[in-house]
Every structure is written in structure tokens, then in C-alpha cells.
Amino acid sequence: MQTNMRREIDEIPEAAARLLDRSGTALAAAGAAIRARDPAFLVTIARGSSDHAALFLKYAIELTAGRPVASLGPSLASIYGAELKLGGAAAIAISQSGKSPDIVAMAEAASRAGAVSIALTNTLPSPIADACSHPLDILAGPEIAVAATKSYVNSIVAGLAVLGEWTGDPGLKRAVADLPNRFAEAVKLDWQEFAAELDEAESLYVLGRGPALAIASEAALKFKETSGMHAEAYSAAEVLHGPVALVGARFPVLALAARDAAETSVAEIADGLSEKGAVVRVTSARAAKAKRLPFVETGHPITDALALILPFYGFVEAWSRSRGLNPDAPASLKKVTETR
């Protein structure tokens, strides 16, 4: 029997196409608002998978627009009542449900402080939409499985579309427009060979750099959520500054490399960990010792990283079921978590 999670993974290409087809006017308006403000910096407001989407957009914005992006702790508003000076900024709040009280409170505070505020949400109307000057419906459609998949991807697609409109970057705009086609290829890729290599491991590392680090963070969370597997995400460079001490024989490592400036360094680090006896899988053809996982090339370094999450989602859903678990209903979790 097909799980809700698997069905929702398969819906990602269609969900991305729906967003781009139906929301062009709203995405362009949000991009124009940021362009008019010409912010010196941006801030993001999110938790969980949404915060990993925000991390992805941070790298995309810094690499494309050259503006620094900082993540705000939602408790600054909801618990501490801090008033931040954001008059020259733009703010991006991401919430699938649109109603987590601390996310809403921080978004309201950012708007009051003068930021151009954009909400990326799968629920309109919603409190997060009311809190922001530019609410955007990511149009992922109903998501029943507890573990977010298509809402995570569509949040990033929406953010990248706004970034393309803001900067006018023609390469990025073309790559975003082509994402539904590339997603349709990526969702069919098979990473199941990695499952056999996990054996009886109780922990693993997921590595990445740049936008792929955000994908690694999301992957590590999904291992925990769906499979009860302890996984930690690290920069492929940062892992050498201490965490590598835990890597020994048969320690599993998933190295996520995109076709970007960091690919060679990620592949080299993957090879180095392989030499230590670790079981390493990498999404690159540049590694000599680490085993390769299949990937889709999108023609753009930023969207290449995003396409990596689709075969991973398919892998982790199957891995969860192979362990006798239900990826639709992880233990002790619920679909909407409201924190203050």
C-alpha cells in the first residue's frame, strides 16, 4: 500500500508546476517590492523543515543578490519582546500551516519594524499571511503525511522565483521555470543501494556545502522523523573540525554535492572519509573512492542542489518502511506544531 508520504513526494513536480503557473503575478509583485526597497540585508523566520528552506534561500540570496541574510529566533518576539530595527530590511517568513504563534509574532514584529515582509505558506488565509505585506500561497496542495516534503520544496521554489524577479537574473529565472521537468526526472532516481550499507548503524552524517548544506539539514531531520535514525548535518568542511573524530570503519556518510563551486571540495572530503573506512555515498562523479549516487543536472548550480532532495525523500520513505515504521505518522510527532 502506498504511503501518503510517497504519494506526496510523487506530487512534487506537479505542485511546482502549479505554483509557477498560477502565482506568477504575486511572485513578481513580491520581487518588485524587494527590488524597490533595495534592502541592505534580509532576515528569515521559520522552524523545522521551513527553517531548512530558509537556509537554502539564504545561500541563494547571498550568492545571487549579494545581500547578507540572517535567521531570526522567533522567541525574540514571542518570549523576549525584542524590538529589532528592520526598516532597511526585507523579511521572509515560512510556515506550512501559517499559524505557529512564535513565527506569526516574529513576522508581525518585522512588519511593524518596517521590513518588507513576505510570507511563504501553504495555507491562505492564515495568521502568517495577515502578518506580512506580501503573503504568497505556495500551492503545494494538501499535505497529510507528518513529514513535510512537497511544502518544503515549493517554499524554496517560491523563494527562488521571487529572487529571480527581484534580481532579474535570466539564468536563475530559466532554471526555476524548468524545475517541474527536472523534478519529474529526479523523483524517479533510485538511491536504495545506500540502504544496504547502513546495516545496523545507529548514526550517520549528512554533508553539504552552500545550498546543498540546507538539503543536508533537511535530510538529517527526515532520518530522525521517519526512521528514528540519529543523523547530523554538517558542512563538508566543518565536519573536519571535530566531528570527524567519530568517523571510523563502516560509519555511514551521505555527501550531497551539487554542480557548483563546492563540488570538488565535497568530493575530496568524501574520498578522505572513505579512506578512514567510512561507508560514503556522494552525488558527484568527481569522487575517486566514495560511491556515487545518481543525480539530475538542472543547468544551474542553485537548482542543482534543490533537485537532490527528491531522490533522498524517496529513499528515506522506503528506508522507514523497511525498518517496520510508518513514515506517515512518526512517533511523538504531529503535523502542525505550535510553539510560543
# chains A, B, ... in the order shown; residues from 1 in each chain; ligands from 1
>>> select_by_dssp(residues="segment 217-300 of chain A", states="strand (DSSP E)", output="list in words")
His230, Ala231, Glu232, Ala233, Tyr234, Ser235, Pro252, Val253, Leu254, Ala255, Val279, Val280, Arg281, Val282, Lys291 and Arg292 of chain A
>>> write_last_selection(atoms="C-alpha atoms", output="mmCIF file, in the first residue's frame")
data_model
loop_
_atom_site.group_PDB
_atom_site.id
_atom_site.type_symbol
_atom_site.label_atom_id
_atom_site.label_comp_id
_atom_site.auth_asym_id
_atom_site.auth_seq_id
_atom_site.Cartn_x
_atom_site.Cartn_y
_atom_site.Cartn_z
ATOM 1 C CA HIS A 230 20.197 9.667 14.544
ATOM 2 C CA ALA A 231 21.613 11.844 11.790
ATOM 3 C CA GLU A 232 23.604 15.060 11.926
ATOM 4 C CA ALA A 233 24.100 17.560 9.113
ATOM 5 C CA TYR A 234 27.444 19.285 8.751
ATOM 6 C CA SER A 235 29.233 21.449 6.284
ATOM 7 C CA PRO A 252 27.783 5.871 7.120
ATOM 8 C CA VAL A 253 28.100 9.240 5.413
ATOM 9 C CA LEU A 254 25.819 10.784 2.797
ATOM 10 C CA ALA A 255 27.656 13.590 0.965
ATOM 11 C CA VAL A 279 30.769 3.971 4.041
ATOM 12 C CA VAL A 280 30.329 7.060 1.896
ATOM 13 C CA ARG A 281 27.838 7.797 -0.847
ATOM 14 C CA VAL A 282 28.201 11.052 -2.800
ATOM 15 C CA LYS A 291 30.483 5.527 -4.225
ATOM 16 C CA ARG A 292 28.297 7.630 -6.489
#
>>> residues_around(residues="segment 33-36 of chain A", least_positions_apart="3", cutoff="9 Å", atoms="only C-alpha atoms", output="PyMOL selection string")
chain A and resi 28-30+39+89-90+116-117+134+162-163+165-167
>>> atom_distance(atom1="atom CA of Leu246 of chain A", atom2="atom CA of Trp191 of chain A")
24.5 Å
>>> closest_atom_pairs(of="segment 22-136 of chain A", to="segment 296-307 of chain A", cutoff="9 Å", atoms="only C-alpha atoms", output="JSON lines")
{"residue": "A:Phe56", "atom": "CA", "partner": "A:Leu306", "partner_atom": "CA", "distance": 8.4}
{"residue": "A:Tyr59", "atom": "CA", "partner": "A:Ile302", "partner_atom": "CA", "distance": 8.7}
{"residue": "A:Ala60", "atom": "CA", "partner": "A:Ile302", "partner_atom": "CA", "distance": 6.6}
{"residue": "A:Leu63", "atom": "CA", "partner": "A:Ile302", "partner_atom": "CA", "distance": 8.9}
>>> residues_around(residues="Leu273 of chain A", least_positions_apart="5", cutoff="10 Å", atoms="only C-alpha atoms", output="MDAnalysis selection string")
chainID A and resid 240 244 247:249 251:253 267:268 278:280 289:290
>>> write_last_selection(atoms="all heavy atoms", output="mmCIF file, in the first residue's frame")
data_model
loop_
_atom_site.group_PDB
_atom_site.id
_atom_site.type_symbol
_atom_site.label_atom_id
_atom_site.label_comp_id
_atom_site.auth_asym_id
_atom_site.auth_seq_id
_atom_site.Cartn_x
_atom_site.Cartn_y
_atom_site.Cartn_z
ATOM 1 N N LEU A 240 35.382 18.311 9.387
ATOM 2 C CA LEU A 240 36.791 18.027 9.660
ATOM 3 C C LEU A 240 37.300 18.731 10.917
ATOM 4 O O LEU A 240 38.402 18.452 11.375
ATOM 5 C CB LEU A 240 37.653 18.451 8.465
ATOM 6 C CG LEU A 240 37.318 17.775 7.135
ATOM 7 C CD1 LEU A 240 38.244 18.288 6.037
ATOM 8 C CD2 LEU A 240 37.407 16.256 7.251
ATOM 9 N N VAL A 244 34.708 14.722 12.743
ATOM 10 C CA VAL A 244 35.358 13.608 12.044
ATOM 11 C C VAL A 244 35.926 12.574 13.016
ATOM 12 O O VAL A 244 36.167 11.421 12.653
ATOM 13 C CB VAL A 244 36.471 14.147 11.108
ATOM 14 C CG1 VAL A 244 37.655 14.662 11.919
ATOM 15 C CG2 VAL A 244 36.915 13.087 10.112
ATOM 16 N N VAL A 247 34.130 9.327 13.025
ATOM 17 C CA VAL A 247 34.051 8.573 11.775
ATOM 18 C C VAL A 247 35.111 7.479 11.772
ATOM 19 O O VAL A 247 36.313 7.750 11.797
ATOM 20 C CB VAL A 247 34.237 9.497 10.558
ATOM 21 C CG1 VAL A 247 34.215 8.673 9.266
ATOM 22 C CG2 VAL A 247 33.139 10.554 10.529
ATOM 23 N N GLY A 248 34.633 6.248 11.743
ATOM 24 C CA GLY A 248 35.543 5.106 11.682
ATOM 25 C C GLY A 248 35.023 4.077 10.712
ATOM 26 O O GLY A 248 34.209 4.385 9.826
ATOM 27 N N ALA A 249 35.442 2.853 10.868
ATOM 28 C CA ALA A 249 35.049 1.779 9.966
ATOM 29 C C ALA A 249 33.526 1.608 9.947
ATOM 30 O O ALA A 249 32.887 1.552 11.004
ATOM 31 C CB ALA A 249 35.717 0.480 10.382
ATOM 32 N N PHE A 251 31.198 3.599 9.362
ATOM 33 C CA PHE A 251 30.347 4.748 9.727
ATOM 34 C C PHE A 251 29.736 5.301 8.439
ATOM 35 O O PHE A 251 30.459 5.634 7.502
ATOM 36 C CB PHE A 251 31.167 5.828 10.431
ATOM 37 C CG PHE A 251 30.334 6.931 11.027
ATOM 38 C CD1 PHE A 251 29.951 6.890 12.354
ATOM 39 C CD2 PHE A 251 29.923 8.015 10.257
ATOM 40 C CE1 PHE A 251 29.188 7.909 12.915
ATOM 41 C CE2 PHE A 251 29.149 9.036 10.802
ATOM 42 C CZ PHE A 251 28.792 8.977 12.140
ATOM 43 N N PRO A 252 28.396 5.427 8.368
ATOM 44 C CA PRO A 252 27.783 5.871 7.120
ATOM 45 C C PRO A 252 27.787 7.395 6.963
ATOM 46 O O PRO A 252 27.542 8.134 7.930
ATOM 47 C CB PRO A 252 26.353 5.342 7.216
ATOM 48 C CG PRO A 252 26.098 5.153 8.668
ATOM 49 C CD PRO A 252 27.415 4.942 9.345
ATOM 50 N N VAL A 253 28.073 7.819 5.746
ATOM 51 C CA VAL A 253 28.100 9.240 5.413
ATOM 52 C C VAL A 253 27.397 9.438 4.073
ATOM 53 O O VAL A 253 27.695 8.741 3.091
ATOM 54 C CB VAL A 253 29.538 9.777 5.311
ATOM 55 C CG1 VAL A 253 29.531 11.248 4.891
ATOM 56 C CG2 VAL A 253 30.281 9.604 6.634
ATOM 57 N N ALA A 267 33.573 16.312 -2.909
ATOM 58 C CA ALA A 267 34.015 15.008 -3.399
ATOM 59 C C ALA A 267 35.341 14.599 -2.764
ATOM 60 O O ALA A 267 35.535 13.428 -2.401
ATOM 61 C CB ALA A 267 34.148 15.041 -4.919
ATOM 62 N N GLU A 268 36.250 15.542 -2.600
ATOM 63 C CA GLU A 268 37.540 15.231 -1.982
ATOM 64 C C GLU A 268 37.371 14.837 -0.523
ATOM 65 O O GLU A 268 38.024 13.900 -0.035
ATOM 66 C CB GLU A 268 38.476 16.431 -2.104
ATOM 67 C CG GLU A 268 38.950 16.686 -3.543
ATOM 68 C CD GLU A 268 39.767 17.958 -3.673
ATOM 69 O OE1 GLU A 268 39.773 18.760 -2.696
ATOM 70 O OE2 GLU A 268 40.377 18.167 -4.729
ATOM 71 N N ALA A 278 34.990 4.753 6.358
ATOM 72 C CA ALA A 278 33.573 5.081 6.371
ATOM 73 C C ALA A 278 32.891 4.566 5.103
ATOM 74 O O ALA A 278 33.529 4.396 4.061
ATOM 75 C CB ALA A 278 33.385 6.596 6.487
ATOM 76 N N VAL A 279 31.591 4.329 5.201
ATOM 77 C CA VAL A 279 30.769 3.971 4.041
ATOM 78 C C VAL A 279 30.183 5.274 3.510
ATOM 79 O O VAL A 279 29.298 5.859 4.133
ATOM 80 C CB VAL A 279 29.650 2.997 4.434
ATOM 81 C CG1 VAL A 279 28.767 2.696 3.226
ATOM 82 C CG2 VAL A 279 30.228 1.715 4.995
ATOM 83 N N VAL A 280 30.680 5.730 2.393
ATOM 84 C CA VAL A 280 30.329 7.060 1.896
ATOM 85 C C VAL A 280 29.654 6.958 0.537
ATOM 86 O O VAL A 280 30.162 6.302 -0.380
ATOM 87 C CB VAL A 280 31.571 7.963 1.777
ATOM 88 C CG1 VAL A 280 31.159 9.378 1.387
ATOM 89 C CG2 VAL A 280 32.363 7.973 3.088
ATOM 90 N N LYS A 289 36.959 7.448 -4.595
ATOM 91 C CA LYS A 289 36.777 6.320 -3.678
ATOM 92 C C LYS A 289 35.340 6.203 -3.162
ATOM 93 O O LYS A 289 34.838 5.102 -2.995
ATOM 94 C CB LYS A 289 37.748 6.454 -2.504
ATOM 95 C CG LYS A 289 39.224 6.420 -2.930
ATOM 96 C CD LYS A 289 40.130 6.480 -1.727
ATOM 97 C CE LYS A 289 41.605 6.481 -2.148
ATOM 98 N NZ LYS A 289 41.954 5.238 -2.876
ATOM 99 N N ALA A 290 34.705 7.327 -2.852
ATOM 100 C CA ALA A 290 33.313 7.282 -2.399
ATOM 101 C C ALA A 290 32.408 6.828 -3.543
ATOM 102 O O ALA A 290 32.646 7.157 -4.705
ATOM 103 C CB ALA A 290 32.882 8.661 -1.898
#
>>> atom_distance(atom1="atom CA of Val153 of chain A", atom2="atom CA of Glu11 of chain A")
10.8 Å
>>> residues_around(residues="segment 21-26 of chain A", least_positions_apart="3", cutoff="10 Å", atoms="only C-alpha atoms", output="PyMOL selection string")
chain A and resi 15-18+29-32+134-139+158+161-162+165+177
>>> write_last_selection(atoms="N, CA and C atoms", output="CSV table (one decimal), in the first residue's frame")
chain,number,residue,atom,x,y,z
A,15,ALA,N,3.2,19.9,-8.2
A,15,ALA,CA,3.0,21.0,-7.3
A,15,ALA,C,3.8,22.2,-7.7
A,16,ALA,N,5.1,22.0,-8.1
A,16,ALA,CA,5.9,23.1,-8.5
A,16,ALA,C,5.4,23.7,-9.8
A,17,ALA,N,4.9,22.9,-10.7
A,17,ALA,CA,4.3,23.5,-11.9
A,17,ALA,C,3.1,24.3,-11.6
A,18,ARG,N,2.3,23.9,-10.7
A,18,ARG,CA,1.1,24.6,-10.3
A,18,ARG,C,1.4,26.0,-9.7
A,29,ALA,N,5.2,40.5,-7.9
A,29,ALA,CA,4.9,41.7,-7.1
A,29,ALA,C,5.8,41.7,-5.9
A,30,ALA,N,6.0,40.5,-5.3
A,30,ALA,CA,6.9,40.4,-4.1
A,30,ALA,C,8.4,40.7,-4.5
A,31,GLY,N,8.8,40.2,-5.7
A,31,GLY,CA,10.1,40.5,-6.2
A,31,GLY,C,10.3,42.0,-6.4
A,32,ALA,N,9.3,42.6,-7.0
A,32,ALA,CA,9.3,44.1,-7.3
A,32,ALA,C,9.4,44.9,-6.0
A,134,HIS,N,3.3,40.8,1.9
A,134,HIS,CA,3.2,40.1,0.7
A,134,HIS,C,3.0,38.6,1.0
A,135,PRO,N,1.8,38.1,1.3
A,135,PRO,CA,1.5,36.7,1.5
A,135,PRO,C,1.5,35.9,0.2
A,136,LEU,N,2.3,34.8,0.1
A,136,LEU,CA,2.3,34.0,-1.1
A,136,LEU,C,1.9,32.6,-0.8
A,137,ASP,N,0.9,32.1,-1.5
A,137,ASP,CA,0.4,30.8,-1.4
A,137,ASP,C,1.3,29.9,-2.2
A,138,ILE,N,2.0,28.9,-1.5
A,138,ILE,CA,3.0,28.1,-2.2
A,138,ILE,C,2.2,27.0,-3.0
A,139,LEU,N,0.9,26.8,-2.8
A,139,LEU,CA,0.1,25.9,-3.7
A,139,LEU,C,0.6,24.5,-3.7
A,158,ALA,N,9.2,28.9,-4.5
A,158,ALA,CA,8.6,30.2,-4.5
A,158,ALA,C,9.6,31.3,-4.1
A,161,ALA,N,11.8,31.9,-7.1
A,161,ALA,CA,11.0,32.7,-8.1
A,161,ALA,C,11.0,34.2,-7.8
A,162,VAL,N,10.8,34.5,-6.5
A,162,VAL,CA,10.8,35.9,-6.0
A,162,VAL,C,12.3,36.4,-6.2
A,165,GLU,N,12.8,37.4,-9.8
A,165,GLU,CA,12.1,38.6,-10.1
A,165,GLU,C,12.8,39.8,-9.6
A,177,ALA,N,12.0,28.1,-14.0
A,177,ALA,CA,10.8,27.8,-14.9
A,177,ALA,C,10.9,26.3,-15.3
>>> closest_residue(among="A:Leu207, A:Ala214, A:Ala220, A:Ala140", to="Ala236 of chain A", atoms="only C-alpha atoms")
A:Leu207
>>> select_by_dssp(residues="segment 73-240 of chain A", states="helix (DSSP H, G or I)", output="ChimeraX atom specification")
/A:75-78,101-112,127-131,150-167,170-177,179-186,193-198,211-227,238-240
>>> atom_distance(atom1="atom CA of Ala105 of chain A", atom2="atom CA of Thr226 of chain A")
29.4 Å
>>> residues_around(residues="Val104 of chain A", least_positions_apart="3", cutoff="8 Å", atoms="only C-alpha atoms", output="ChimeraX atom specification")
/A:98-101,107-108,127-128,131
>>> write_last_selection(atoms="N, CA, C and O atoms", output="CSV table (one decimal), in the first residue's frame")
chain,number,residue,atom,x,y,z
A,98,GLY,N,0.9,28.2,8.6
A,98,GLY,CA,0.7,29.6,8.7
A,98,GLY,C,0.1,30.1,10.1
A,98,GLY,O,-0.3,31.2,10.2
A,99,LYS,N,0.3,29.2,11.1
A,99,LYS,CA,-0.4,29.6,12.4
A,99,LYS,C,0.5,29.4,13.6
A,99,LYS,O,0.0,29.5,14.7
A,100,SER,N,1.7,29.0,13.5
A,100,SER,CA,2.5,28.8,14.7
A,100,SER,C,2.7,30.2,15.4
A,100,SER,O,3.2,31.1,14.8
A,101,PRO,N,2.3,30.3,16.6
A,101,PRO,CA,2.3,31.6,17.3
A,101,PRO,C,3.6,32.3,17.3
A,101,PRO,O,3.6,33.6,17.1
A,107,ALA,N,7.0,37.6,12.6
A,107,ALA,CA,6.6,38.2,11.4
A,107,ALA,C,5.9,39.5,11.6
A,107,ALA,O,6.2,40.5,10.9
A,108,GLU,N,5.0,39.5,12.6
A,108,GLU,CA,4.3,40.8,12.9
A,108,GLU,C,5.3,41.8,13.4
A,108,GLU,O,5.2,43.0,13.0
A,127,PRO,N,-2.9,33.3,9.8
A,127,PRO,CA,-2.3,34.4,10.6
A,127,PRO,C,-1.0,34.9,10.0
A,127,PRO,O,-0.7,36.1,10.1
A,128,ILE,N,-0.2,34.0,9.5
A,128,ILE,CA,1.1,34.4,8.9
A,128,ILE,C,0.9,35.3,7.7
A,128,ILE,O,1.6,36.2,7.4
A,131,ALA,N,0.1,38.7,8.8
A,131,ALA,CA,1.2,39.4,9.5
A,131,ALA,C,2.2,40.0,8.5
A,131,ALA,O,3.0,40.9,8.8
